[in-house]
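Working notes, beginning with the structure itself.
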Number of protein chains: 2
Amino acid sequence: MPASPDPARPRIVFSGAATFDTIFKLDVLPKGPGKVLPSDAVQVAHGMASSAAAAAAKLGGRSLLFARVGDDAIGIKIIEDLTAAGVDCTYVRRVAEARSPLCAVLVDAAGERLVVPFYDPKLDRSTDWLPLEQVAEADAVLVDVRWPEGATKVLEAARDAGIPAVLDADVGPKETIVALAGLATHAVFSEPAATIVTGEAEPEKALRALGRRFENFLAVTAGPEGCFWLEREIDMVRQLRAPKVVAVDTLAAGDVFHGAFTLAVAEGQSIPDAIAFANAAAALKCTVFGGRLGAPTREEVRAALNEKGNS
Amino acid sequence: MPASPDPARPRIVFSGAATFDTIFKLDVLPKGPGKVLPSDAVQVAHGMASSAAAAAAKLGGRSLLFARVGDDAIGIKIIEDLTAAGVDCTYVRRVAEARSPLCAVLVDAAGERLVVPFYDPKLDRSTDWLPLEQVAEADAVLVDVRWPEGATKVLEAARDAGIPAVLDADVGPKETIVALAGLATHAVFSEPAATIVTGEAEPEKALRALGRRFENFLAVTAGPEGCFWLEREIDMVRQLRAPKVVAVDTLAAGDVFHGAFTLAVAEGQSIPDAIAFANAAAALKCTVFGGRLGAPTREEVRAALNEKGNS
């Protein structure tokens with residue numbers, strides 16, 4: 001593993017979705033046609049890998065993003081937004097004659113969400129342009145399941161480089177999740193994705209089933225329940241609860257978790273410390289409306305961990 | 001009434017809403033939380049007066065817009081979009097420290113719509129910056145009910161100038177609709193707005209009730225049923241049906257109607273001709289996905305009218 005020029009600021013390659021989201025805050029979600037009046041709204045570049053990259057940058061990491069957008073004005077806006085968030089977008093590719101991914105998100109008072117994501121079929125899936133030499137110079141990678149071809153290449157390059165390779169295993173086709181999980185050093189599942197792969201609804205049972213299938217580090221995130229992971233040495237499923245917060249917007253909380261977790265792993269934190277760190281970052285995010293814009297700073301996470309006596 | 005420098009291209013002042021819309025095409029509208037995948041999506045500057053201005057410009061008019069946006073990137077985008085559509089945005093005001101209106105629209109296969117519009121309360125409502133001298137130089141005005149303070153000033157200036165003043169009387173507070181309708185020379189109601197003012201659900205009954213209250217030209221638009229209006233001389237409600245089309249997106253059809261109607265009135269067309277013209281323009285719009293982007297050209301409207309033997 002090549003040493004980072006600044007060991008306190010690990011270099012992480014993120015690969016996956018970049019979308020332009022309009023997020024509306026409502027009292028209740030609509031049940032059909034008509035007009036509903038939101039109390040707030042923001043527009044921001046999102047996407048699982050992109051939001052994770054922005055969250056990691058805000059926490060002090062150096063985030064490099066591999067992603068595809070269209071060659072339209074929204075594509076430029078996505079790149080501007082993420083660049084302003086501290087993400088290096090040198091390798092965000094603007095695909096000719098494609099439109100950028102667009103997404104509307106309605107968030108209700110209880111944090112329930114309606115998500116309407118549009119992906120242009122013309123966003124080509126080729127990977128020959130991917131600058132995989134950047135992976136060899138990184139301290140870790142994180143990939144999502146939205147662009148499996150890119151994720152596969154990045155995970156393979158990370159294996160060759162011998163660096164930690166984290167999979168944000170969210171819902172998607174089962175075969176995609178399984179194939180990518182087999183290539184990652186750390187596969188962190190959402191509850192629904194763990195259920196898709198194992199058929200088990202309980203995180204603990206799902207983790208045991210995953211443990212029989214994969215040999216890498218395995219975890220399942222579970223919202224306010226925090227994170228469950230498999231401790232293979234002692235053959236136990238461990239759980240670390242998230243700090244208690246009043247959630248106003250859980251959008252991108254999972255992405256913030258993955259960004260923070262990957263950063264912590266790249267920094268060499270132990271698994272329990274990395275999970276406590278990611279739990280705190282995700283919980284703080286939930287207290288602020290606006291998706292990833294609510295991601296916390298390092299100081300905020302540190303303060304939350306100190307309050308819990310966890311740091 | 002000052003003569004237009006180019007009588008074939010009347011100059012029209014539009015006053016009211018300017019929003020930035022993301023429009024998604026779905027099979028069915030969502031009924032609660034979750035994720036729904038649209039088959040298409042576009043982003044475009046909309047708003048009742050703005051869409052009417054763009055439609056009138058596409059039909060050959062010279063459209064000048066009075067509206068307010070925020071001092072954010074979306075405000076710039078709204079102005080760019082409408083300028084590209086041929087609308088003079090010299091007097092679209094960017095309000096300091098306000099965010100631009102944002103709107104998500106979901107359109108289902110039957111053309112049913114869910115609309116989520118966000119207006120920043122900080123978009124100040126003052127009218128002292130309005131260049132009312134531009135109204136004196138115009139051939140007609142159209143105002144919507146989304147910015148009543150601006151609409152009032154523009155309608156009063158139009159009365160002083162002796163030019164046609166059209167109100168797009170869509171749903172809003174009853175007192176707002178009533179106050180603005182009293183100032184317009186032509187008040188064109190949507191069915192729901194006519195019901196709000198009169199309590200009558202049927203366009204014909206609503207028009208008779210409106211006729212007892214107001215002395216100006218009165219009409220009610222009724223989607224595929226076309227347009228009903230009150231012919232005072234013969235004390236009759238007349239109806240002109242819209243051309244039959246397969247509707248794929250009715251978003252902004254009303255705005256296209258109002259833009260086309262105001263242009264036709266400014267050109268000196270008779271009321272039946274103006275309504276046939278507006279009916280055809282609105283019907284053609286409904287055949288194209290993407291809100292006002294589906295507004296037709298003059299040639300397309302002319303062809304549709306010739307097909308019907310109406311021109």
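Residue numbering restarts at 1 for every chain of the structure tokens, chains are lettered A, B, ... in their displayed order, and ligands are numbered from 1 as they appear.
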Closest pair table for chain B residues within 7 Å of chain A, only C-alpha atoms, as CSV:
```
residue,atom,partner,partner_atom,distance
B:Leu29,CA,A:Gly32,CA,5.9
B:Pro30,CA,A:Gly32,CA,6.3
B:Lys31,CA,A:Lys31,CA,4.1
B:Gly32,CA,A:Lys31,CA,5.5
B:Pro33,CA,A:Leu114,CA,4.5
B:Gly34,CA,A:Leu114,CA,4.9
B:Lys35,CA,A:Val115,CA,4.7
B:Val36,CA,A:Val116,CA,5.2
B:Leu37,CA,A:Val116,CA,5.8
B:Pro38,CA,A:Phe118,CA,5.7
B:Asp40,CA,A:Phe118,CA,6.7
B:Ala41,CA,A:Phe118,CA,6.4
B:Ala104,CA,A:Ala104,CA,6.7
B:Glu112,CA,A:Pro33,CA,6.2
B:Arg113,CA,A:Pro33,CA,5.2
B:Leu114,CA,A:Pro33,CA,4.5
B:Val115,CA,A:Lys35,CA,4.7
B:Val116,CA,A:Val36,CA,5.2
B:Pro117,CA,A:Leu37,CA,6.0
B:Phe118,CA,A:Pro38,CA,5.7
```
Dump of N, CA and C atoms for the selected residues, as an mmCIF file, in the first residue's frame:
```
data_model
loop_
_atom_site.group_PDB
_atom_site.id
_atom_site.type_symbol
_atom_site.label_atom_id
_atom_site.label_comp_id
_atom_site.auth_asym_id
_atom_site.auth_seq_id
_atom_site.Cartn_x
_atom_site.Cartn_y
_atom_site.Cartn_z
ATOM 1 N N LEU B 29 -48.868 7.296 -10.543
ATOM 2 C CA LEU B 29 -48.400 8.182 -9.467
ATOM 3 C C LEU B 29 -48.199 7.370 -8.189
ATOM 4 N N PRO B 30 -47.191 7.739 -7.383
ATOM 5 C CA PRO B 30 -46.955 7.008 -6.130
ATOM 6 C C PRO B 30 -48.083 7.258 -5.132
ATOM 7 N N LYS B 31 -48.289 6.271 -4.253
ATOM 8 C CA LYS B 31 -49.356 6.376 -3.254
ATOM 9 C C LYS B 31 -48.796 6.517 -1.836
ATOM 10 N N GLY B 32 -47.482 6.666 -1.696
ATOM 11 C CA GLY B 32 -46.891 6.781 -0.372
ATOM 12 C C GLY B 32 -45.384 6.698 -0.487
ATOM 13 N N PRO B 33 -44.683 6.323 0.597
ATOM 14 C CA PRO B 33 -43.222 6.285 0.545
ATOM 15 C C PRO B 33 -42.710 5.157 -0.348
ATOM 16 N N GLY B 34 -41.423 5.228 -0.666
ATOM 17 C CA GLY B 34 -40.808 4.212 -1.515
ATOM 18 C C GLY B 34 -40.052 4.846 -2.647
ATOM 19 N N LYS B 35 -39.871 4.075 -3.707
ATOM 20 C CA LYS B 35 -39.122 4.551 -4.861
ATOM 21 C C LYS B 35 -39.923 4.244 -6.117
ATOM 22 N N VAL B 36 -40.102 5.214 -6.991
ATOM 23 C CA VAL B 36 -40.759 4.966 -8.279
ATOM 24 C C VAL B 36 -39.809 5.392 -9.378
ATOM 25 N N LEU B 37 -39.743 4.591 -10.448
ATOM 26 C CA LEU B 37 -38.778 4.846 -11.515
ATOM 27 C C LEU B 37 -39.455 5.491 -12.715
ATOM 28 N N PRO B 38 -39.118 6.739 -13.022
ATOM 29 C CA PRO B 38 -39.724 7.411 -14.167
ATOM 30 C C PRO B 38 -39.102 6.928 -15.472
ATOM 31 N N ASP B 40 -38.980 9.033 -18.082
ATOM 32 C CA ASP B 40 -38.389 10.221 -18.704
ATOM 33 C C ASP B 40 -38.401 11.342 -17.674
ATOM 34 N N ALA B 41 -37.570 12.351 -17.901
ATOM 35 C CA ALA B 41 -37.522 13.500 -16.997
ATOM 36 C C ALA B 41 -36.923 14.683 -17.734
ATOM 37 N N ALA B 104 -41.413 20.189 -8.357
ATOM 38 C CA ALA B 104 -41.346 18.845 -8.946
ATOM 39 C C ALA B 104 -42.731 18.496 -9.440
ATOM 40 N N GLU B 112 -52.510 12.531 -15.500
ATOM 41 C CA GLU B 112 -52.770 13.036 -14.142
ATOM 42 C C GLU B 112 -51.467 13.556 -13.555
ATOM 43 N N ARG B 113 -51.556 14.569 -12.682
ATOM 44 C CA ARG B 113 -50.345 15.215 -12.206
ATOM 45 C C ARG B 113 -50.300 15.329 -10.690
ATOM 46 N N LEU B 114 -49.087 15.173 -10.170
ATOM 47 C CA LEU B 114 -48.814 15.548 -8.785
ATOM 48 C C LEU B 114 -47.803 16.686 -8.850
ATOM 49 N N VAL B 115 -48.136 17.824 -8.241
ATOM 50 C CA VAL B 115 -47.296 19.014 -8.332
ATOM 51 C C VAL B 115 -46.817 19.399 -6.936
ATOM 52 N N VAL B 116 -45.510 19.638 -6.799
ATOM 53 C CA VAL B 116 -44.927 20.004 -5.506
ATOM 54 C C VAL B 116 -44.144 21.305 -5.696
ATOM 55 N N PRO B 117 -44.798 22.448 -5.519
ATOM 56 C CA PRO B 117 -44.123 23.734 -5.759
ATOM 57 C C PRO B 117 -43.615 24.348 -4.451
ATOM 58 N N PHE B 118 -42.368 24.801 -4.453
ATOM 59 C CA PHE B 118 -41.821 25.488 -3.273
ATOM 60 C C PHE B 118 -41.559 26.952 -3.597
#
```
Point to revise | Phe257 in chain A environment, 8 Å, only C-alpha atoms, sequence neighbours closer than 2 positions dropped, as a list in words | key: Ala52, Ala253, Gly254, Asp255, Gly259, Ala260, Phe261, Ala278, Asn279, Ala281 and Ala282 of chain A
Exercise for review: Going by DSSP on the backbone, which bits of range 158-283 of chain B are strand (DSSP E)? Write them as a list in words, please.
Suggested key: Ala165, Val166, Leu167, Asp168, Ala169, His186, Ala187, Val188, Phe189, Ser190, Phe217, Leu218, Ala219, Val220, Thr221, Cys227, Phe228, Trp229, Leu230, Glu231, Met236, Val237, Arg238, Gln239 and Leu240 of chain B
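Excluding range 136-138 of chain A itself and same-chain residues fewer than 2 positions from it, the residues having an atom within 8 Å of it are Met1, Pro2, Ser4, Pro10, Arg11, Ile12, Val13, Leu132, Glu133, Gln134, Ala140, Val141, Ala157, Ala158, Asp160, Ala161 and Ile163 of chain A, counting only C-alpha atoms.
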Hey, can you spit out that residue selection with N, CA and C atoms as a PDB file, in the first residue's frame?
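Ended up saving to part-v8.pdb:
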```pdb
ATOM      1  N   MET A   1       0.848  -1.197   0.000  1.00  0.00           N
ATOM      2  CA  MET A   1       0.000   0.000   0.000  1.00  0.00           C
ATOM      3  C   MET A   1       0.891   1.257   0.000  1.00  0.00           C
ATOM      4  N   PRO A   2       0.779   2.078  -1.051  1.00  0.00           N
ATOM      5  CA  PRO A   2       1.632   3.269  -1.085  1.00  0.00           C
ATOM      6  C   PRO A   2       1.229   4.223   0.029  1.00  0.00           C
ATOM      7  N   SER A   4       0.279   7.541   1.830  1.00  0.00           N
ATOM      8  CA  SER A   4      -0.335   8.807   1.431  1.00  0.00           C
ATOM      9  C   SER A   4       0.633   9.928   1.734  1.00  0.00           C
ATOM     10  N   PRO A  10      -6.251  10.697   4.405  1.00  0.00           N
ATOM     11  CA  PRO A  10      -6.186   9.608   3.415  1.00  0.00           C
ATOM     12  C   PRO A  10      -6.876   9.984   2.104  1.00  0.00           C
ATOM     13  N   ARG A  11      -6.366   9.341   1.065  1.00  0.00           N
ATOM     14  CA  ARG A  11      -6.883   9.552  -0.279  1.00  0.00           C
ATOM     15  C   ARG A  11      -7.808   8.382  -0.601  1.00  0.00           C
ATOM     16  N   ILE A  12      -9.061   8.690  -0.954  1.00  0.00           N
ATOM     17  CA  ILE A  12     -10.053   7.638  -1.183  1.00  0.00           C
ATOM     18  C   ILE A  12     -10.695   7.827  -2.553  1.00  0.00           C
ATOM     19  N   VAL A  13     -10.766   6.731  -3.302  1.00  0.00           N
ATOM     20  CA  VAL A  13     -11.464   6.739  -4.598  1.00  0.00           C
ATOM     21  C   VAL A  13     -12.893   6.245  -4.378  1.00  0.00           C
ATOM     22  N   LEU A 132      -7.538   3.793 -13.576  1.00  0.00           N
ATOM     23  CA  LEU A 132      -7.346   2.849 -12.468  1.00  0.00           C
ATOM     24  C   LEU A 132      -6.013   3.040 -11.765  1.00  0.00           C
ATOM     25  N   GLU A 133      -5.054   3.743 -12.445  1.00  0.00           N
ATOM     26  CA  GLU A 133      -3.786   4.035 -11.771  1.00  0.00           C
ATOM     27  C   GLU A 133      -4.004   4.908 -10.533  1.00  0.00           C
ATOM     28  N   GLN A 134      -5.112   5.636 -10.520  1.00  0.00           N
ATOM     29  CA  GLN A 134      -5.438   6.450  -9.338  1.00  0.00           C
ATOM     30  C   GLN A 134      -5.758   5.562  -8.130  1.00  0.00           C
ATOM     31  N   ALA A 140      -7.778   3.832   0.096  1.00  0.00           N
ATOM     32  CA  ALA A 140      -8.966   2.979   0.178  1.00  0.00           C
ATOM     33  C   ALA A 140      -9.894   3.342  -0.978  1.00  0.00           C
ATOM     34  N   VAL A 141     -10.870   2.461  -1.250  1.00  0.00           N
ATOM     35  CA  VAL A 141     -11.907   2.789  -2.227  1.00  0.00           C
ATOM     36  C   VAL A 141     -13.269   2.475  -1.614  1.00  0.00           C
ATOM     37  N   ALA A 157      -8.942  -3.369  -8.999  1.00  0.00           N
ATOM     38  CA  ALA A 157      -7.716  -2.564  -8.901  1.00  0.00           C
ATOM     39  C   ALA A 157      -7.307  -2.383  -7.443  1.00  0.00           C
ATOM     40  N   ALA A 158      -8.302  -2.263  -6.556  1.00  0.00           N
ATOM     41  CA  ALA A 158      -7.996  -2.110  -5.128  1.00  0.00           C
ATOM     42  C   ALA A 158      -7.370  -3.390  -4.582  1.00  0.00           C
ATOM     43  N   ASP A 160      -5.617  -5.536  -6.328  1.00  0.00           N
ATOM     44  CA  ASP A 160      -4.242  -5.552  -6.839  1.00  0.00           C
ATOM     45  C   ASP A 160      -3.338  -4.637  -6.023  1.00  0.00           C
ATOM     46  N   ALA A 161      -3.887  -3.512  -5.575  1.00  0.00           N
ATOM     47  CA  ALA A 161      -3.089  -2.538  -4.819  1.00  0.00           C
ATOM     48  C   ALA A 161      -3.002  -2.902  -3.340  1.00  0.00           C
ATOM     49  N   ILE A 163      -5.305  -2.444  -1.002  1.00  0.00           N
ATOM     50  CA  ILE A 163      -5.897  -1.424  -0.118  1.00  0.00           C
ATOM     51  C   ILE A 163      -7.322  -1.816   0.253  1.00  0.00           C
TER      52      ILE A 163
END
```
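Between CA of Ala201 in chain B and CA of Asp170 in chain B the separation is 14.5 Å.
Residue nearest Glu204 in chain A within the list A:Val178, A:Ala109, A:Gly172, A:Val237: A:Val237 [criterion: smallest interatomic distance, only C-alpha atoms].
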Study note, to complete from the structure: Computed gap from CA of Lys205 in chain A to CA of Glu175 in chain A is 20.0 Å
**Study point:** Spatial neighbours of Ala274 in chain A, max dist 6 Å, only C-alpha atoms, sep filter under 3 positions, as a ChimeraX atom specification
**Key:** /A:261,264,269-271,277
Please produce a file of those selected residues containing N, CA and C atoms, as a PDB file, in the first residue's frame.
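Written output follows (result-v7.pdb):
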```pdb
ATOM      1  N   PHE A 261     -17.147   5.637   7.373  1.00  0.00           N
ATOM      2  CA  PHE A 261     -16.566   4.327   7.685  1.00  0.00           C
ATOM      3  C   PHE A 261     -15.316   4.083   6.835  1.00  0.00           C
ATOM      4  N   ALA A 264     -12.469   6.170   8.068  1.00  0.00           N
ATOM      5  CA  ALA A 264     -11.928   5.658   9.329  1.00  0.00           C
ATOM      6  C   ALA A 264     -11.057   4.423   9.087  1.00  0.00           C
ATOM      7  N   GLN A 269      -8.245   3.148  11.776  1.00  0.00           N
ATOM      8  CA  GLN A 269      -9.024   2.952  12.996  1.00  0.00           C
ATOM      9  C   GLN A 269      -9.459   1.486  13.089  1.00  0.00           C
ATOM     10  N   SER A 270      -9.652   1.011  14.338  1.00  0.00           N
ATOM     11  CA  SER A 270     -10.162  -0.352  14.528  1.00  0.00           C
ATOM     12  C   SER A 270     -11.610  -0.403  14.041  1.00  0.00           C
ATOM     13  N   ILE A 271     -12.107  -1.605  13.798  1.00  0.00           N
ATOM     14  CA  ILE A 271     -13.495  -1.740  13.332  1.00  0.00           C
ATOM     15  C   ILE A 271     -14.484  -1.107  14.315  1.00  0.00           C
ATOM     16  N   PHE A 277     -17.560   5.899  14.794  1.00  0.00           N
ATOM     17  CA  PHE A 277     -17.332   7.142  14.057  1.00  0.00           C
ATOM     18  C   PHE A 277     -18.409   7.321  12.974  1.00  0.00           C
TER      19      PHE A 277
END
```
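When CA of Lys285 in chain B is paired with CA of Ala252 in chain B, their separation reads 8.0 Å.
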Check your understanding: So, counting only C-alpha atoms, which residue among B:Val143, B:Ser51, B:Arg93, B:Glu156 is closest to Trp129 in chain B?
Key -> B:Arg93
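Using only C-alpha atoms, the residues found no farther than 6 Å from Ala17 in chain B, other than those of its own chain fewer than 5 positions away, are Gly47, Met48, Ala49 and Arg146 of chain B.
Closest approach to Phe14 in chain B from the set B:Ala283, B:Leu64, B:Val135, B:Cys227 is made by B:Leu64, with distances taken over only C-alpha atoms.
Using only C-alpha atoms, the nearest neighbour of Thr127 in chain A within the list A:Ala165, A:Ala67, A:Ile79, A:Leu59 is A:Ala67.
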